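S.K.: First, the structure itself, so that you have it in front of you.
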Amino acid sequence: MANAAVSTSNLIRLKTTVQQYDWGKQGRASLAATLANNAVGPDFQLDPSKSYAEIWMGTHTNGPSMLFSTPTVSLHKLLSANPAPTLGAARTKWPASTHLPFLFKILSIAKALPLQAHPDKALAERLRDADPEHAPDNNHKPEIAVVIGAPLARDALAVGATDTAFTAFVGFRPLEEIATAMRAVPELRRAVGNDGAVDAFVRAPNRAGLKKVWGALLRRAAEGDVHALVERVRTALECGRAAEAVGGGARAEELARLVLKVDQQYPGDVGVLATVFFMNFVTLRRGEALYIGADEVHAYLEGDIIECMAVSDNVMNATFVPKDQREVPTFVEMLTYTARPPAHWALQGTPYSRGKLGRTTQYAPPLEEFVVLGTALREDAPEEHLEKVDGPTVGIVTRGRVKVTVNKEDMDLDEGAVVFVIPGNDVRVQLLAADAQGEGEMWWSTCTI
């Protein structure tokens, strides 16, 4: 059956997997749930009381895509049956693998994801050998996030500009900024519980000192100090004196709001201190993106994004999860402790040279496994032609209704529909019906080795 599918079709519709995590948006508020009607198909039954966090598109065993027309056959089985034509250049590059080299996702985020990092290849292999149950594969997991959602709702604790559509904590703040916070916020010193380490870091901020202070903070996980700071911040913010609570500076009110916002989501969690005072707070608009390499600390906070990564589900969590799920020793040791301003993690979108009508933007991280493409159509610009690539491609319709044509085969696809394109084929995309804003949109992950 799989061989027949390979030999007769260059355009294959997929049935994907939905992941339900507590941090996902609830019910119809979740973009993942909305798109699942067609990404999964008639089997998907939305429960308005449940959280829907992710749609997975790929071959990873924790959420494999199946053939939409034959749901008993996985995409991985199809690729394994005839890897050379279905994987193309990816098969040549990674001859031992019959998986897609990437894992493509939609994320719909209501509250902070766990404070986390993903291992590099060497660490992933060691973790897999030591504990296969908790290390699902031996691959690295660098990733990108591209914002696709509408501006976030404004409430009393809103942060960012009115067009902010995604927020996250990414990487460590510049070392001197962290040292300034340590001097000004007494609860931070108490939460670390090691005056010598704090004094040494404040006198001469450096990566080794940051590791020591950060590790002590996470290991001690002093909830009492978090509660004390939260109450002091709440009172100061109500009185218009936020700077007194969080150390002053132009961003004092923003930091104060973040303390209250994150504590509202995870009351008393040491992650409130670990994120707000140690990490960069990043705000992005629709179409903007981040690249996060292996061993880099991050915690997405709110918004709807495209996410793509090397094919892996390895993650080390340190906060915003139950204490028995925290892997603090490994987490503290694995990080790079890169301390840079937010721009260090920005990934710029550029015109895609193989999009012949200029409707497609490319997000290309410094990786071989994947490139993410966004094709934007309008009623007055309803078509795009994508020239062939030598690797596999997966695409999802996120706005409007489109027709996709590959080598004389075509499909009319509604929002949420997902397709796989065999390597070596041109792709034509036509807008059939725009959304309420007069737009159509399709996102792709492809391997362009």
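In the structure tokens, chains take letters A, B, ... by order of appearance, with residues numbered from 1 within each chain and ligands from 1 in the order shown.
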Which residues of stretch 79-163 of chain A sit at most 7 Å from stretch 307-320 of chain A, using only C-alpha atoms? Give each one's shortest atom pair and distance in Å (one decimal place), in chain and ascending residue order, as a Markdown table.

M.R.:
| residue | atom | partner | partner_atom | distance |
| --- | --- | --- | --- | --- |
| A:Pro101 | CA | A:Val311 | CA | 5.5 |
| A:Phe102 | CA | A:Val311 | CA | 4.4 |
| A:Leu103 | CA | A:Val311 | CA | 4.8 |
| A:Phe104 | CA | A:Cys308 | CA | 4.6 |
| A:Lys105 | CA | A:Glu307 | CA | 5.0 |
| A:Ile106 | CA | A:Glu307 | CA | 6.1 |
| A:Leu107 | CA | A:Glu307 | CA | 6.9 |
| A:Pro114 | CA | A:Phe320 | CA | 4.8 |
| A:Leu115 | CA | A:Thr319 | CA | 5.2 |
| A:Gln116 | CA | A:Asn317 | CA | 4.5 |
| A:Ala117 | CA | A:Met316 | CA | 5.5 |
| A:His118 | CA | A:Val315 | CA | 4.8 |
| A:Pro119 | CA | A:Asn314 | CA | 6.9 |
| A:Ala135 | CA | A:Asn314 | CA | 5.9 |
| A:Pro136 | CA | A:Asn314 | CA | 6.3 |
| A:Asp137 | CA | A:Ser312 | CA | 6.3 |
| A:Asn139 | CA | A:Ser312 | CA | 5.7 |
| A:His140 | CA | A:Ser312 | CA | 6.5 |
| A:Lys141 | CA | A:Ala310 | CA | 5.1 |
| A:Pro142 | CA | A:Met309 | CA | 5.6 |
| A:Glu143 | CA | A:Met309 | CA | 4.1 |
| A:Ile144 | CA | A:Cys308 | CA | 5.5 |
| A:Ala145 | CA | A:Glu307 | CA | 4.5 |
| A:Val146 | CA | A:Glu307 | CA | 6.4 |

S.K.: Residues of stretch 365-425 of chain A that have any atom at most 12 Å from an atom of stretch 278-289 of chain A: could you tabulate them with the shortest-distance atom pair and the distance in Å to one decimal, using only C-alpha atoms, ordered by chain and increasing number, as a tab-separated table?

M.R.:
residue	atom	partner	partner_atom	distance
A:Pro365	CA	A:Ala289	CA	10.3
A:Val372	CA	A:Ala289	CA	10.6
A:Leu373	CA	A:Gly287	CA	10.9
A:Gly374	CA	A:Gly287	CA	8.7
A:Thr375	CA	A:Gly287	CA	11.1
A:Ala376	CA	A:Gly287	CA	10.5

S.K.: With N, CA and C atoms retained, export the selected residues as a compact mmCIF listing (two decimals), in the first residue's frame.

M.R.:
# COMPACT_ATOMS: atom_id res chain seq x y z
N PRO A 365 17.41 29.21 9.55
CA PRO A 365 18.36 29.16 10.66
C PRO A 365 19.69 28.57 10.19
N VAL A 372 12.00 27.28 7.04
CA VAL A 372 10.56 27.52 7.14
C VAL A 372 10.19 28.62 6.15
N LEU A 373 9.07 28.41 5.46
CA LEU A 373 8.59 29.35 4.45
C LEU A 373 7.16 29.77 4.77
N GLY A 374 6.87 31.05 4.60
CA GLY A 374 5.51 31.55 4.77
C GLY A 374 5.02 32.16 3.47
N THR A 375 3.97 31.60 2.90
CA THR A 375 3.38 32.10 1.66
C THR A 375 2.13 32.90 2.00
N ALA A 376 2.15 34.19 1.68
CA ALA A 376 1.03 35.10 2.01
C ALA A 376 0.33 35.52 0.72

S.K.: May I ask for the distance between atom CA of A:Ala228 and atom CA of A:Leu188, given in Å to one decimal place?

M.R.: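 Spanning atom CA of A:Ala228 to atom CA of A:Leu188 is a straight-line distance of 10.5 Å.
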
S.K.: Which is closer to A:Val226 than all the others in A:Glu187, A:Arg154, A:Arg257, A:Gly247, using only C-alpha atoms?

M.R.: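 Of all the options, A:Glu187 lies closest to A:Val226.
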
S.K.: Which residues, written as a PyMOL selection string, have at least one atom at most 10 Å from A:Arg190, with only C-alpha atoms counted and residues fewer than 6 positions away on the same chain left out?

M.R.: chain A and resi 182+198+217+222+224-226

S.K.: Go ahead and dump the residues you just picked, C-alpha atoms, as an mmCIF file, in the first residue's frame.

M.R.:
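This is the output file selection-v1.cif:
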data_model
loop_
_atom_site.group_PDB
_atom_site.id
_atom_site.type_symbol
_atom_site.label_atom_id
_atom_site.label_comp_id
_atom_site.auth_asym_id
_atom_site.auth_seq_id
_atom_site.Cartn_x
_atom_site.Cartn_y
_atom_site.Cartn_z
ATOM 1 C CA MET A 182 20.901 41.206 42.262
ATOM 2 C CA VAL A 198 26.055 36.576 44.886
ATOM 3 C CA LEU A 217 18.524 29.601 42.797
ATOM 4 C CA ALA A 222 12.577 29.045 47.740
ATOM 5 C CA GLY A 224 8.735 31.970 50.432
ATOM 6 C CA ASP A 225 11.060 34.506 48.831
ATOM 7 C CA VAL A 226 8.959 34.472 45.663
#

S.K.: Pull the helix (DSSP H, G or I) assignments for stretch 253-407 of chain A out of DSSP run on the backbone, and list those residues as a PyMOL selection string.

M.R.: chain A and resi 253-265+271-276+323-325+328-334+342-345

S.K.: Taking only residues of stretch 182-214 of chain A that have an atom at most 12 Å from an atom of stretch 166-172 of chain A, what is each one's shortest atom pair and its distance in Å to one decimal, using only C-alpha atoms, in chain and number order, as a tab-separated table?

M.R.:
residue	atom	partner	partner_atom	distance
A:Asn206	CA	A:Phe172	CA	11.7
A:Arg207	CA	A:Phe172	CA	10.1
A:Leu210	CA	A:Phe172	CA	9.4
A:Lys211	CA	A:Phe172	CA	10.8
A:Trp214	CA	A:Phe172	CA	10.5

S.K.: Put those residues in a file: N, CA, C and O atoms, as a compact mmCIF listing (two decimals), in the first residue's frame.

M.R.:
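part_17.txt, freshly written:
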# COMPACT_ATOMS: atom_id res chain seq x y z
N ASN A 206 30.33 37.41 35.40
CA ASN A 206 30.90 36.55 34.36
C ASN A 206 30.06 35.28 34.26
O ASN A 206 29.20 35.01 35.11
N ARG A 207 30.31 34.49 33.21
CA ARG A 207 29.48 33.31 32.97
C ARG A 207 29.59 32.29 34.10
O ARG A 207 28.59 31.67 34.49
N LEU A 210 27.53 33.47 36.93
CA LEU A 210 26.10 33.34 36.61
C LEU A 210 25.64 31.90 36.79
O LEU A 210 24.59 31.64 37.39
N LYS A 211 26.44 30.96 36.33
CA LYS A 211 26.09 29.54 36.49
C LYS A 211 25.95 29.18 37.95
O LYS A 211 25.01 28.45 38.34
N TRP A 214 22.72 31.04 39.37
CA TRP A 214 21.52 30.47 38.74
C TRP A 214 21.26 29.06 39.26
O TRP A 214 20.11 28.70 39.59

S.K.: Near A:Lys50, counting only C-alpha atoms, which residues have an atom at most 10 Å away, once you skip same-chain residues fewer than 5 positions from it, shown as a list in words?

M.R.: Gln20, Tyr21, Asp22, Gly24, Lys25, Gln26, Gly27, Arg28, Ser30 and Ala33 of chain A

S.K.: Rank A:Lys408, A:Arg326, A:His99, A:Arg173 by their smallest atom-to-atom distance to A:Val276, using only C-alpha atoms, and report the top residue only.

M.R.: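 Smallest distance to A:Val276 is found for A:Arg173.
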
S.K.: Neighbours of stretch 342-354 of chain A within 6 Å (only C-alpha atoms; same-chain residues fewer than 3 positions away dropped), as a PyMOL selection string?

M.R.: chain A and resi 280+289-291+360-363+386-387

S.K.: Can I get the selected residues back with N, CA and C atoms, as a compact mmCIF listing (two decimals), in the first residue's frame?

M.R.:
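Just written: result.txt:
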# COMPACT_ATOMS: atom_id res chain seq x y z
N ASN A 280 16.11 37.56 29.08
CA ASN A 280 15.56 38.57 28.20
C ASN A 280 14.06 38.34 28.02
N ALA A 289 10.49 36.49 14.10
CA ALA A 289 10.91 35.13 14.45
C ALA A 289 12.12 35.12 15.37
N LEU A 290 12.31 33.97 16.03
CA LEU A 290 13.45 33.69 16.91
C LEU A 290 14.14 32.41 16.46
N TYR A 291 15.45 32.35 16.69
CA TYR A 291 16.20 31.09 16.55
C TYR A 291 16.83 30.77 17.90
N THR A 360 6.44 34.76 -0.91
CA THR A 360 6.92 33.83 0.12
C THR A 360 8.15 34.39 0.83
N THR A 361 8.12 34.28 2.16
CA THR A 361 9.22 34.71 3.02
C THR A 361 9.92 33.49 3.58
N GLN A 362 11.24 33.56 3.63
CA GLN A 362 12.06 32.45 4.12
C GLN A 362 12.63 32.77 5.50
N TYR A 363 12.59 31.78 6.39
CA TYR A 363 13.22 31.87 7.70
C TYR A 363 14.24 30.73 7.76
N LEU A 386 6.23 27.97 -6.33
CA LEU A 386 7.44 27.59 -5.61
C LEU A 386 8.21 26.59 -6.43
N GLU A 387 9.45 26.95 -6.78
CA GLU A 387 10.27 26.04 -7.55
C GLU A 387 10.67 24.82 -6.71

S.K.: Name all residues at most 9 Å from A:Pro392 (count only C-alpha atoms; drop same-chain ones fewer than 3 positions away) and give them as a list in words.

M.R.: Thr86, Leu87, Gly88, Ala89, Ala90, Leu100, Pro101, Val389, Phe420, Val421, Ile422, Pro423, Gly424, Ser445, Thr446, Cys447 and Thr448 of chain A

S.K.: If we count only C-alpha atoms and set the cut-off at 10 Å, which residues sit around A:Ala256, ignoring sequence neighbours fewer than 2 positions away in its own chain? Please answer as a list of chain:residue names.

M.R.: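 Near neighbours after the sequence-gap exclusion: A:Leu157, A:Leu229, A:Val230, A:Arg232, A:Val233, A:Arg234, A:Ala236, A:Leu237, A:Arg241, A:Ala242, A:Ala243, A:Glu244, A:Ala245, A:Val246, A:Gly247, A:Arg251, A:Ala252, A:Glu253, A:Glu254, A:Leu258, A:Val259, A:Leu260, A:Lys261, A:Val276.
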
S.K.: Calculated over only C-alpha atoms, which of the candidates A:Val427, A:Ala434, A:Met334, A:Leu255 has the smallest distance to A:Lys121?

M.R.: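 That would be A:Met334, the residue with the smallest distance to A:Lys121.
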